[in-house]
Every structure is written in structure tokens, then in C-alpha cells.
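Trainee: Structure file entry09.pdb (PDB, C-alpha atoms) is given on the next line.
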```pdb
ATOM      1  CA  MET A  20       0.256  -9.806   8.846
ATOM      2  CA  ARG A  21       2.456 -10.200  11.918
ATOM      3  CA  GLY A  22       1.136  -8.228  14.857
ATOM      4  CA  ALA A  23      -1.886  -6.781  13.047
ATOM      5  CA  THR A  24      -5.252  -6.648  14.787
ATOM      6  CA  ARG A  25      -8.472  -5.561  13.098
ATOM      7  CA  HIS A  26     -10.843  -3.132  14.774
ATOM      8  CA  GLU A  27     -14.031  -1.338  13.805
ATOM      9  CA  LEU A  28     -15.155   2.231  14.377
ATOM     10  CA  ARG A  29     -18.838   3.135  13.895
ATOM     11  CA  ILE A  30     -19.399   6.497  12.222
ATOM     12  CA  GLY A  31     -23.063   7.411  11.914
ATOM     13  CA  GLY A  32     -24.034   3.749  11.749
ATOM     14  CA  ARG A  33     -21.386   2.991   9.125
ATOM     15  CA  ALA A  34     -18.426   0.698   9.850
ATOM     16  CA  LEU A  35     -14.885   1.976   9.308
ATOM     17  CA  SER A  36     -12.532  -0.987   9.640
ATOM     18  CA  TYR A  37      -8.851  -0.482  10.438
ATOM     19  CA  LEU A  38      -5.709  -2.484  11.091
ATOM     20  CA  ASP A  39      -3.360  -1.695  13.962
ATOM     21  CA  PHE A  40       0.002  -3.344  13.297
ATOM     22  CA  GLY A  41       1.016  -2.919  16.938
ATOM     23  CA  GLY A  42       4.323  -2.201  18.575
ATOM     24  CA  PRO A  43       5.625   0.477  20.945
ATOM     25  CA  GLY A  44       6.576   3.020  18.293
ATOM     26  CA  GLN A  45       5.163   6.356  17.283
ATOM     27  CA  PRO A  46       1.866   6.226  15.354
ATOM     28  CA  LEU A  47       1.850   6.434  11.561
ATOM     29  CA  LEU A  48      -1.566   6.740   9.921
ATOM     30  CA  ALA A  49      -1.325   5.044   6.511
ATOM     31  CA  LEU A  50      -3.991   5.695   3.859
ATOM     32  CA  HIS A  51      -4.137   3.243   0.945
ATOM     33  CA  GLY A  52      -4.817   3.972  -2.709
ATOM     34  CA  GLY A  53      -7.902   3.290  -4.787
ATOM     35  CA  MET A  54      -8.901  -0.355  -5.350
ATOM     36  CA  SER A  55      -6.780  -1.179  -2.311
ATOM     37  CA  GLU A  56      -7.010  -1.563   1.491
ATOM     38  CA  GLY A  57      -5.072  -1.112   4.702
ATOM     39  CA  ALA A  58      -3.625  -4.629   4.573
ATOM     40  CA  HIS A  59      -1.356  -3.546   1.728
ATOM     41  CA  PHE A  60       0.806  -1.718   4.303
ATOM     42  CA  ALA A  61       1.831  -4.959   6.033
ATOM     43  CA  GLY A  62       5.255  -4.906   4.378
ATOM     44  CA  LEU A  63       5.854  -1.284   5.359
ATOM     45  CA  ALA A  64       4.837  -2.001   8.952
ATOM     46  CA  THR A  65       7.355  -4.851   9.109
ATOM     47  CA  ALA A  66      10.117  -2.749   7.538
ATOM     48  CA  LEU A  67       9.599   0.115   9.994
ATOM     49  CA  GLY A  68       9.954  -2.273  12.930
ATOM     50  CA  ASP A  69       9.402  -1.015  16.462
ATOM     51  CA  GLU A  70      10.070   2.636  15.693
ATOM     52  CA  TRP A  71       6.641   3.217  14.163
ATOM     53  CA  ARG A  72       3.198   1.778  14.849
ATOM     54  CA  VAL A  73       1.320   1.644  11.557
ATOM     55  CA  ILE A  74      -2.443   2.172  11.757
ATOM     56  CA  ALA A  75      -4.090   1.564   8.387
ATOM     57  CA  PRO A  76      -7.829   2.049   7.837
ATOM     58  CA  ASP A  77      -9.827   0.568   5.005
ATOM     59  CA  GLN A  78     -11.176   3.803   3.591
ATOM     60  CA  ARG A  79     -14.899   4.081   2.836
ATOM     61  CA  GLY A  80     -15.999   1.559   0.225
ATOM     62  CA  HIS A  81     -12.761  -0.452   0.524
ATOM     63  CA  GLY A  82     -11.678  -3.585   2.365
ATOM     64  CA  ASP A  83     -13.950  -4.396   5.299
ATOM     65  CA  SER A  84     -15.357  -0.858   5.602
ATOM     66  CA  ASP A  85     -18.926  -0.099   4.591
ATOM     67  CA  LEU A  86     -20.032   1.881   1.582
ATOM     68  CA  ALA A  87     -20.762   5.542   2.296
ATOM     69  CA  ALA A  88     -23.468   7.894   1.077
ATOM     70  CA  ASP A  89     -20.939   9.957  -0.887
ATOM     71  CA  TYR A  90     -17.254  10.036  -1.819
ATOM     72  CA  ARG A  91     -16.409  13.701  -1.604
ATOM     73  CA  ARG A  92     -12.959  14.584  -0.329
ATOM     74  CA  GLU A  93     -14.453  16.026   2.847
ATOM     75  CA  GLY A  94     -15.923  12.643   3.701
ATOM     76  CA  TYR A  95     -12.612  10.828   3.384
ATOM     77  CA  VAL A  96     -10.942  13.467   5.555
ATOM     78  CA  SER A  97     -13.680  13.368   8.194
ATOM     79  CA  ASP A  98     -13.244   9.584   8.451
ATOM     80  CA  ALA A  99      -9.514  10.026   9.123
ATOM     81  CA  VAL A 100     -10.214  12.704  11.739
ATOM     82  CA  ALA A 101     -12.782  10.486  13.450
ATOM     83  CA  LEU A 102     -10.309   7.596  13.537
ATOM     84  CA  LEU A 103      -7.517   9.701  15.032
ATOM     85  CA  GLU A 104      -9.848  11.112  17.669
ATOM     86  CA  HIS A 105     -11.117   7.604  18.419
ATOM     87  CA  LEU A 106      -7.599   6.270  18.872
ATOM     88  CA  GLN A 107      -6.845   8.938  21.471
ATOM     89  CA  ARG A 108      -9.473   7.593  23.853
ATOM     90  CA  PRO A 109      -7.572   6.589  27.032
ATOM     91  CA  ASP A 110      -9.927   3.661  27.628
ATOM     92  CA  LEU A 111      -9.351   2.104  24.198
ATOM     93  CA  GLN A 112      -6.184   0.018  24.514
ATOM     94  CA  GLY A 113      -4.591   1.101  27.763
ATOM     95  CA  PRO A 114      -2.279   3.957  28.749
ATOM     96  CA  ASP A 115       0.775   2.532  26.925
ATOM     97  CA  HIS A 116      -0.745   3.024  23.482
ATOM     98  CA  PRO A 117       1.466   5.612  21.705
ATOM     99  CA  LEU A 118      -1.511   7.893  21.053
ATOM    100  CA  HIS A 119      -2.378   7.879  24.749
ATOM    101  CA  ARG A 120       1.067   8.748  26.044
ATOM    102  CA  ASP A 121       0.681  12.202  24.506
ATOM    103  CA  PRO A 122      -3.059  12.765  23.931
ATOM    104  CA  GLY A 123      -3.871  15.263  21.235
ATOM    105  CA  ALA A 124      -0.356  15.229  19.779
ATOM    106  CA  PRO A 125      -0.158  15.306  15.970
ATOM    107  CA  VAL A 126       0.872  12.142  14.117
ATOM    108  CA  ALA A 127       2.744  11.313  10.936
ATOM    109  CA  VAL A 128       0.419  10.602   7.995
ATOM    110  CA  LEU A 129       1.275   8.677   4.832
ATOM    111  CA  GLY A 130      -0.909   8.194   1.791
ATOM    112  CA  PHE A 131      -0.553   6.530  -1.598
ATOM    113  CA  SER A 132      -2.442   7.817  -4.661
ATOM    114  CA  LEU A 133      -6.050   8.329  -3.468
ATOM    115  CA  GLY A 134      -4.734   8.077   0.082
ATOM    116  CA  GLY A 135      -2.009  10.612  -0.673
ATOM    117  CA  ILE A 136      -4.553  13.166  -1.871
ATOM    118  CA  ASN A 137      -6.637  12.485   1.231
ATOM    119  CA  ALA A 138      -3.526  12.830   3.387
ATOM    120  CA  PHE A 139      -2.544  16.273   2.159
ATOM    121  CA  HIS A 140      -6.167  17.412   2.409
ATOM    122  CA  LEU A 141      -6.115  16.200   6.025
ATOM    123  CA  ALA A 142      -2.876  18.109   6.692
ATOM    124  CA  ALA A 143      -4.411  21.290   5.268
ATOM    125  CA  ALA A 144      -7.744  20.950   7.063
ATOM    126  CA  ARG A 145      -6.401  19.791  10.450
ATOM    127  CA  PRO A 146      -2.769  20.843  10.881
ATOM    128  CA  ASP A 147      -3.176  20.191  14.609
ATOM    129  CA  LEU A 148      -3.429  16.459  13.838
ATOM    130  CA  VAL A 149      -0.555  16.066  11.344
ATOM    131  CA  ARG A 150       3.109  16.448  12.318
ATOM    132  CA  ALA A 151       4.564  15.126   9.045
ATOM    133  CA  LEU A 152       3.262  14.118   5.633
ATOM    134  CA  VAL A 153       4.384  11.404   3.214
ATOM    135  CA  ASN A 154       2.793  11.743  -0.228
ATOM    136  CA  VAL A 155       3.306   8.670  -2.387
ATOM    137  CA  ASP A 156       2.754   9.559  -6.060
ATOM    138  CA  ALA A 157      -0.391  11.642  -5.475
ATOM    139  CA  PRO A 158      -0.610  14.600  -7.884
ATOM    140  CA  VAL A 159      -1.966  18.096  -7.338
ATOM    141  CA  GLU A 160      -3.439  18.029 -10.841
ATOM    142  CA  SER A 161      -5.342  15.134 -12.359
ATOM    143  CA  PRO A 162      -3.575  13.686 -15.405
ATOM    144  CA  ARG A 163      -5.039  14.669 -18.756
ATOM    145  CA  THR A 164      -6.375  11.751 -20.746
ATOM    146  CA  ASP A 165      -7.278  11.588 -24.413
ATOM    147  CA  GLY A 166      -9.364   8.633 -25.497
ATOM    148  CA  PRO A 167     -10.408   5.696 -23.276
ATOM    149  CA  SER A 168      -9.781   5.959 -19.544
ATOM    150  CA  PHE A 169      -7.918   3.338 -17.528
ATOM    151  CA  TRP A 170     -10.943   3.247 -15.214
ATOM    152  CA  ASP A 171     -13.511   2.313 -17.873
ATOM    153  CA  PHE A 172     -13.300  -1.383 -16.956
ATOM    154  CA  LEU A 173     -14.870  -0.609 -13.554
ATOM    155  CA  HIS A 174     -18.268  -0.016 -15.139
ATOM    156  CA  ASP A 175     -18.521  -3.714 -16.026
ATOM    157  CA  LEU A 176     -16.503  -5.175 -13.157
ATOM    158  CA  PRO A 177     -18.644  -7.402 -10.890
ATOM    159  CA  TYR A 178     -18.332  -6.928  -7.130
ATOM    160  CA  THR A 179     -19.133 -10.584  -6.431
ATOM    161  CA  ALA A 180     -18.846 -13.840  -8.347
ATOM    162  CA  ARG A 181     -19.549 -17.502  -7.760
ATOM    163  CA  THR A 182     -15.875 -18.433  -7.820
ATOM    164  CA  ARG A 183     -12.637 -16.705  -7.001
ATOM    165  CA  GLU A 184     -11.331 -17.497 -10.483
ATOM    166  CA  GLU A 185     -14.186 -15.565 -12.111
ATOM    167  CA  LEU A 186     -13.190 -12.395 -10.255
ATOM    168  CA  VAL A 187      -9.496 -12.843 -11.016
ATOM    169  CA  THR A 188     -10.341 -13.195 -14.709
ATOM    170  CA  ALA A 189     -12.634 -10.141 -14.633
ATOM    171  CA  LEU A 190      -9.828  -8.083 -13.066
ATOM    172  CA  GLY A 191      -7.588  -8.757 -16.075
ATOM    173  CA  PRO A 192      -4.018  -7.503 -15.518
ATOM    174  CA  LEU A 193      -4.942  -6.497 -11.947
ATOM    175  CA  GLY A 194      -5.940 -10.049 -11.063
ATOM    176  CA  GLU A 195      -2.511 -11.157  -9.870
ATOM    177  CA  GLY A 196      -2.140  -8.271  -7.433
ATOM    178  CA  VAL A 197      -5.719  -8.154  -6.163
ATOM    179  CA  GLY A 198      -6.301 -11.915  -6.126
ATOM    180  CA  PRO A 199      -4.749 -12.620  -2.707
ATOM    181  CA  PHE A 200      -7.075 -10.072  -1.108
ATOM    182  CA  LEU A 201     -10.403 -11.379  -2.439
ATOM    183  CA  ARG A 202     -12.927 -12.199   0.325
ATOM    184  CA  PRO A 203     -15.226 -15.229   0.577
ATOM    185  CA  LEU A 204     -18.858 -14.235   1.027
ATOM    186  CA  PRO A 205     -20.645 -15.222   4.253
ATOM    187  CA  GLY A 206     -22.130 -18.660   3.906
ATOM    188  CA  GLY A 207     -19.636 -19.695   1.252
ATOM    189  CA  GLU A 208     -21.855 -18.778  -1.687
ATOM    190  CA  GLY A 209     -19.122 -16.923  -3.575
ATOM    191  CA  TRP A 210     -16.385 -14.296  -3.455
ATOM    192  CA  ARG A 211     -16.154 -10.509  -3.467
ATOM    193  CA  LEU A 212     -13.619  -7.839  -4.317
ATOM    194  CA  PRO A 213     -11.643  -6.031  -1.574
ATOM    195  CA  PHE A 214     -13.069  -2.745  -2.915
ATOM    196  CA  HIS A 215     -16.375  -1.726  -4.409
ATOM    197  CA  PRO A 216     -16.265  -0.556  -8.048
ATOM    198  CA  ARG A 217     -19.165   1.801  -7.322
ATOM    199  CA  ALA A 218     -17.130   3.556  -4.616
ATOM    200  CA  THR A 219     -14.157   3.983  -6.930
ATOM    201  CA  LEU A 220     -16.306   5.377  -9.737
ATOM    202  CA  ALA A 221     -18.076   7.737  -7.330
ATOM    203  CA  THR A 222     -14.729   9.003  -6.038
ATOM    204  CA  LEU A 223     -13.481   9.613  -9.572
ATOM    205  CA  ALA A 224     -16.710  11.394 -10.468
ATOM    206  CA  GLU A 225     -16.231  13.899  -7.655
ATOM    207  CA  GLY A 226     -12.912  15.046  -9.099
ATOM    208  CA  ASP A 227     -10.970  17.921  -7.566
ATOM    209  CA  GLY A 228      -9.606  20.059 -10.377
ATOM    210  CA  SER A 229      -6.419  21.742  -9.236
ATOM    211  CA  ARG A 230      -5.292  20.857  -5.704
ATOM    212  CA  TRP A 231      -2.350  23.267  -5.571
ATOM    213  CA  ASP A 232      -3.951  25.443  -2.898
ATOM    214  CA  VAL A 233      -4.467  22.427  -0.620
ATOM    215  CA  TRP A 234      -0.955  21.048  -1.199
ATOM    216  CA  LEU A 235       0.557  24.441  -0.311
ATOM    217  CA  ALA A 236      -1.725  25.078   2.682
ATOM    218  CA  SER A 237       0.126  22.856   5.174
ATOM    219  CA  THR A 238       3.537  23.641   6.650
ATOM    220  CA  CYS A 239       4.615  20.366   8.295
ATOM    221  CA  PRO A 240       7.683  18.503   6.974
ATOM    222  CA  ALA A 241       6.763  16.480   3.904
ATOM    223  CA  LEU A 242       8.221  13.838   1.622
ATOM    224  CA  LEU A 243       7.136  13.141  -1.949
ATOM    225  CA  VAL A 244       7.876   9.524  -2.888
ATOM    226  CA  HIS A 245       7.642   9.465  -6.669
ATOM    227  CA  GLY A 246       7.633   6.808  -9.350
ATOM    228  CA  ARG A 247       9.873   8.388 -11.974
ATOM    229  CA  ARG A 248       7.986   6.573 -14.765
ATOM    230  CA  SER A 249       4.560   7.429 -13.335
ATOM    231  CA  ALA A 250       1.873   8.425 -15.826
ATOM    232  CA  VAL A 251      -0.190   9.827 -12.946
ATOM    233  CA  LEU A 252       2.500  12.196 -11.670
ATOM    234  CA  PRO A 253       4.882  13.350 -14.441
ATOM    235  CA  GLN A 254       8.404  14.315 -13.426
ATOM    236  CA  GLU A 255       7.881  18.002 -14.224
ATOM    237  CA  LEU A 256       4.857  18.196 -11.929
ATOM    238  CA  ALA A 257       6.628  16.265  -9.158
ATOM    239  CA  ASP A 258       9.569  18.685  -9.330
ATOM    240  CA  ALA A 259       7.201  21.648  -9.107
ATOM    241  CA  MET A 260       5.401  20.167  -6.088
ATOM    242  CA  VAL A 261       8.688  19.847  -4.225
ATOM    243  CA  ALA A 262      10.010  23.249  -5.285
ATOM    244  CA  ARG A 263       6.872  25.212  -4.462
ATOM    245  CA  ARG A 264       6.130  23.709  -1.033
ATOM    246  CA  PRO A 265       8.679  24.675   1.661
ATOM    247  CA  GLY A 266       9.962  21.811   3.783
ATOM    248  CA  THR A 267       9.299  19.160   1.160
ATOM    249  CA  SER A 268      11.925  16.561   0.266
ATOM    250  CA  TYR A 269      11.937  14.144  -2.660
ATOM    251  CA  ALA A 270      12.614  10.434  -3.151
ATOM    252  CA  GLY A 271      12.388   9.203  -6.734
ATOM    253  CA  LEU A 272      12.203   5.485  -7.465
ATOM    254  CA  ASP A 273      12.444   3.645 -10.781
ATOM    255  CA  THR A 274       8.793   2.600 -10.892
ATOM    256  CA  GLU A 275       5.511   3.504 -12.490
ATOM    257  CA  HIS A 276       2.628   4.853 -10.389
ATOM    258  CA  PHE A 277       2.325   1.772  -8.151
ATOM    259  CA  VAL A 278       5.414   2.611  -6.111
ATOM    260  CA  PRO A 279       4.739   0.553  -2.926
ATOM    261  CA  PHE A 280       4.105  -2.577  -5.006
ATOM    262  CA  GLN A 281       6.762  -2.198  -7.685
ATOM    263  CA  ASP A 282       9.629  -1.337  -5.312
ATOM    264  CA  PRO A 283       8.523  -2.198  -1.767
ATOM    265  CA  GLN A 284      12.087  -2.164  -0.430
ATOM    266  CA  GLY A 285      12.932   1.223  -1.917
ATOM    267  CA  PHE A 286       9.590   2.606  -0.782
ATOM    268  CA  ALA A 287      10.085   1.442   2.806
ATOM    269  CA  GLU A 288      13.652   2.758   2.897
ATOM    270  CA  ALA A 289      12.590   6.198   1.657
ATOM    271  CA  VAL A 290       9.837   6.383   4.268
ATOM    272  CA  ARG A 291      12.064   5.108   7.083
ATOM    273  CA  THR A 292      14.818   7.622   6.272
ATOM    274  CA  PHE A 293      12.385  10.542   6.239
ATOM    275  CA  LEU A 294      10.657   9.547   9.464
ATOM    276  CA  ALA A 295      13.980   9.036  11.251
ATOM    277  CA  ASP A 296      14.773  12.736  10.845
ATOM    278  CA  LEU A 297      11.569  13.997  12.464
TER
END
```
Can I see the file as C-alpha cells?

Mentor:
Amino acid sequence: MRGATRHELRIGGRALSYLDFGGPGQPLLALHGGMSEGAHFAGLATALGDEWRVIAPDQRGHGDSDLAADYRREGYVSDAVALLEHLQRPDLQGPDHPLHRDPGAPVAVLGFSLGGINAFHLAAARPDLVRALVNVDAPVESPRTDGPSFWDFLHDLPYTARTREELVTALGPLGEGVGPFLRPLPGGEGWRLPFHPRATLATLAEGDGSRWDVWLASTCPALLVHGRRSAVLPQELADAMVARRPGTSYAGLDTEHFVPFQDPQGFAEAVRTFLADL
């Protein structure tokens, strides 16, 4: 991860880890999806070059961040607010940090899936902090499922294992994508996942019902980056999200839900084009 430095913010005794990909550009807060982490935005940070400085936290229960007491939407949003306020401290990284040149100024916020939902909740709750919003395949209505859920495997997924290969096997079809991000345990006694299954299940259990009111509550410029074959965000719902929210543009890519991973070049280009017009 060229240029990335890892930092830690303590929130009520809990560690929130984040990556700052550096550079002189304007800040872009990037919120990852479920079963993911901030490091997955390394390619986007490289593609955006010096125009944007990507700051990507590991959200609660993911990456190098600690587990939290709960996984309500308000908690995710409060973590993002705490991070943005922390980054505006003039003593943190010197006066040339982009957040210090204009203290208190709103920033661009991007989120994929879980992170996208958190991002538009942040924009609604704290419009003073968000100047633009990029929603990557995050729906305002949870998809209806009949029969077994995709997430059922998490109930039996181990967080740690003696060998890396055991975890890759347990992850099944996700093993190839998650494998490079597995962590060795301290002392070398085994390996762990880059997310905690318990955190993911707790987040899913909270649910949200309809999120239309939150999506429509913010007024900043927005972009919906959509996987046109997404089972999470059907085309009809994506079209309605764009049509009903003023100031929202659309970029459809020929992918399923995992847009940043299935078409990283198209994803980065859509984001770069939108941000260039701010």
C-alpha cells in the first residue's frame, strides 16, 4: 500500500484503526463494506493520485479495530464523526494536512455496501461534515430473501485457526479474495480473519427496514455507483434512488454487488470523474 500509514484512535477505551494513504490532495473518507477493511481502498487511493487523500478506517469489528458493544447504525456513524473530528486537530500531523488547512470544512465521503449505508446516514446526521457523497451499491431497502440467507455460513465460520489454509478453506468461495488479508496471531500460534463474524452477524441483526428517509435527508451532491447485475440493489431500486434524490448522478458498471473488486478500473474512473466536478 504505497504511501499508507496506519494510525489508531481511542474511543471510550476501544481502538479504531485507520489508514491514511497520504498525499497533498483533498480528504476523502472511505468506508469499506462488510467482511472487509480499509486496506481494500489501496487501489482507489492509487488511482486518484495526488488530487485526493484517501483516509480509510477499519470500521468497528473489522480489520485492526476492536469489537464494539453494539453494531447499531448510530455507533458506526459516531465512529466516523469521531475520526473526522480527530483528524482536524492541528497538532496531529502538522499544518499542511488537508484537514488542517481548512479546519471544520466538510469532506467527501465514499462508502461501499455496509459503508455506503453508513455514509449516507452520516450525510443525513451531520451535513456540516459531508460535502459530497459516493454510494457504492448500498440500497435504501434490504433485499428480500426467500429460503437460506447468504450470511448463514457466518454462524459456523471460525475467527481463528491454526493455519492460514484452514481459514481459507472455511471461507469457501470468499477464500481467494479474503485470503491475502488474513492476519497472523501474536506469538505465531495461528491466524485470524480480517473481520469478526460476530460483528457482521450483530450488524445484520440490527437491520434498518426502509432507509428512504435517510437517503433523501441530505442535499449534498451524490453519486450512486451501481453494479447492474447486483442482487443487493436491483436496477429498478437504483433508478428510483437516483430519480428521487435531487443532485444525484449515476454510474452503472457491468458487475454484481462487489463493484470495487469486480471492476476496480471502472469503479475508480467513476469516482474520479464525479469528484473532479466538485

Trainee: Using the chain letters and residue numbers of this document, give as number ranges by chain the residues selected by the PyMOL selection byres ((chain A and resi 66) around 10).

Mentor: A: 60-65, 67-71, 283-284, 286-288, 290-291

Trainee: So how many Å separate CA of Ser268 (chain A) and CA of Gly42 (chain A), to one decimal?

Mentor: 27.3 Å

Trainee: Can you list what the PyMOL selection byres ((chain A and resi 45) around 9) grabs from this structure, as a list in words?

Mentor: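 In the shown coordinates, the PyMOL selection byres ((chain A and resi 45) around 9) covers Gly42, Pro43, Gly44, Pro46, Leu47, Asp69, Glu70, Trp71, Arg72, Val73, Pro117, Leu118, Val126 and Ala127 of chain A.
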
Trainee: Excluding same-chain residues fewer than 5 positions from Arg25 (chain A), what lies within 8 Å of it counting only C-alpha atoms, as a list in words?

Mentor: Ser36, Tyr37, Leu38 and Asp39 of chain A

Trainee: Hey, which of A:Leu176, A:Gly53, A:Pro240, A:Pro205 ends up closest to Pro146 (chain A)? Count all atoms listed in the file.

Mentor: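 Using all atoms listed in the file, Pro146 (chain A) sits closest to A:Pro240.
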
Trainee: Using all atoms listed in the file and a cutoff of 12 Å, can you tell me which residues are near (-13.5, 7.1, 18.0) in the file's coordinates, and write them out as a ChimeraX atom specification?

Mentor: /A:26-31,34-37,97-111

Trainee: Can you list, as a ChimeraX atom specification, the residues that the PyMOL selection byres ((chain A and resi 269-271) around 7) selects here?

Mentor: /A:242-247,261,267-268,272-273,289

Trainee: Please list as an NGL selection string every residue within 10 Å of region 210-213 of chain A, counting only C-alpha atoms and excluding residues in the same chain fewer than 2 positions away.

Mentor: :A and (54-56 or 77 or 80-84 or 176-187 or 190 or 197-205 or 207-208 or 215-216)

Trainee: Keeping only C-alpha atoms, take the residues you just selected and write them out as a tab-separated table (two decimals), keeping the file's coordinate frame.

Mentor:
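Contents of out.tsv, freshly written:
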```
chain	number	residue	atom	x	y	z
A	54	MET	CA	-8.90	-0.36	-5.35
A	55	SER	CA	-6.78	-1.18	-2.31
A	56	GLU	CA	-7.01	-1.56	1.49
A	77	ASP	CA	-9.83	0.57	5.00
A	80	GLY	CA	-16.00	1.56	0.22
A	81	HIS	CA	-12.76	-0.45	0.52
A	82	GLY	CA	-11.68	-3.58	2.37
A	83	ASP	CA	-13.95	-4.40	5.30
A	84	SER	CA	-15.36	-0.86	5.60
A	176	LEU	CA	-16.50	-5.18	-13.16
A	177	PRO	CA	-18.64	-7.40	-10.89
A	178	TYR	CA	-18.33	-6.93	-7.13
A	179	THR	CA	-19.13	-10.58	-6.43
A	180	ALA	CA	-18.85	-13.84	-8.35
A	181	ARG	CA	-19.55	-17.50	-7.76
A	182	THR	CA	-15.88	-18.43	-7.82
A	183	ARG	CA	-12.64	-16.70	-7.00
A	184	GLU	CA	-11.33	-17.50	-10.48
A	185	GLU	CA	-14.19	-15.56	-12.11
A	186	LEU	CA	-13.19	-12.40	-10.26
A	187	VAL	CA	-9.50	-12.84	-11.02
A	190	LEU	CA	-9.83	-8.08	-13.07
A	197	VAL	CA	-5.72	-8.15	-6.16
A	198	GLY	CA	-6.30	-11.92	-6.13
A	199	PRO	CA	-4.75	-12.62	-2.71
A	200	PHE	CA	-7.08	-10.07	-1.11
A	201	LEU	CA	-10.40	-11.38	-2.44
A	202	ARG	CA	-12.93	-12.20	0.32
A	203	PRO	CA	-15.23	-15.23	0.58
A	204	LEU	CA	-18.86	-14.24	1.03
A	205	PRO	CA	-20.64	-15.22	4.25
A	207	GLY	CA	-19.64	-19.70	1.25
A	208	GLU	CA	-21.86	-18.78	-1.69
A	215	HIS	CA	-16.38	-1.73	-4.41
A	216	PRO	CA	-16.26	-0.56	-8.05
```

Trainee: List the spatial neighbours of Leu297 (chain A) as a list in words - criterion: any atom at most 9 Å away, only C-alpha atoms, same-chain residues fewer than 4 positions off excluded.

Mentor: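 After dropping sequence-adjacent residues, the list is Arg150, Ala151, Pro240 and Phe293 of chain A.
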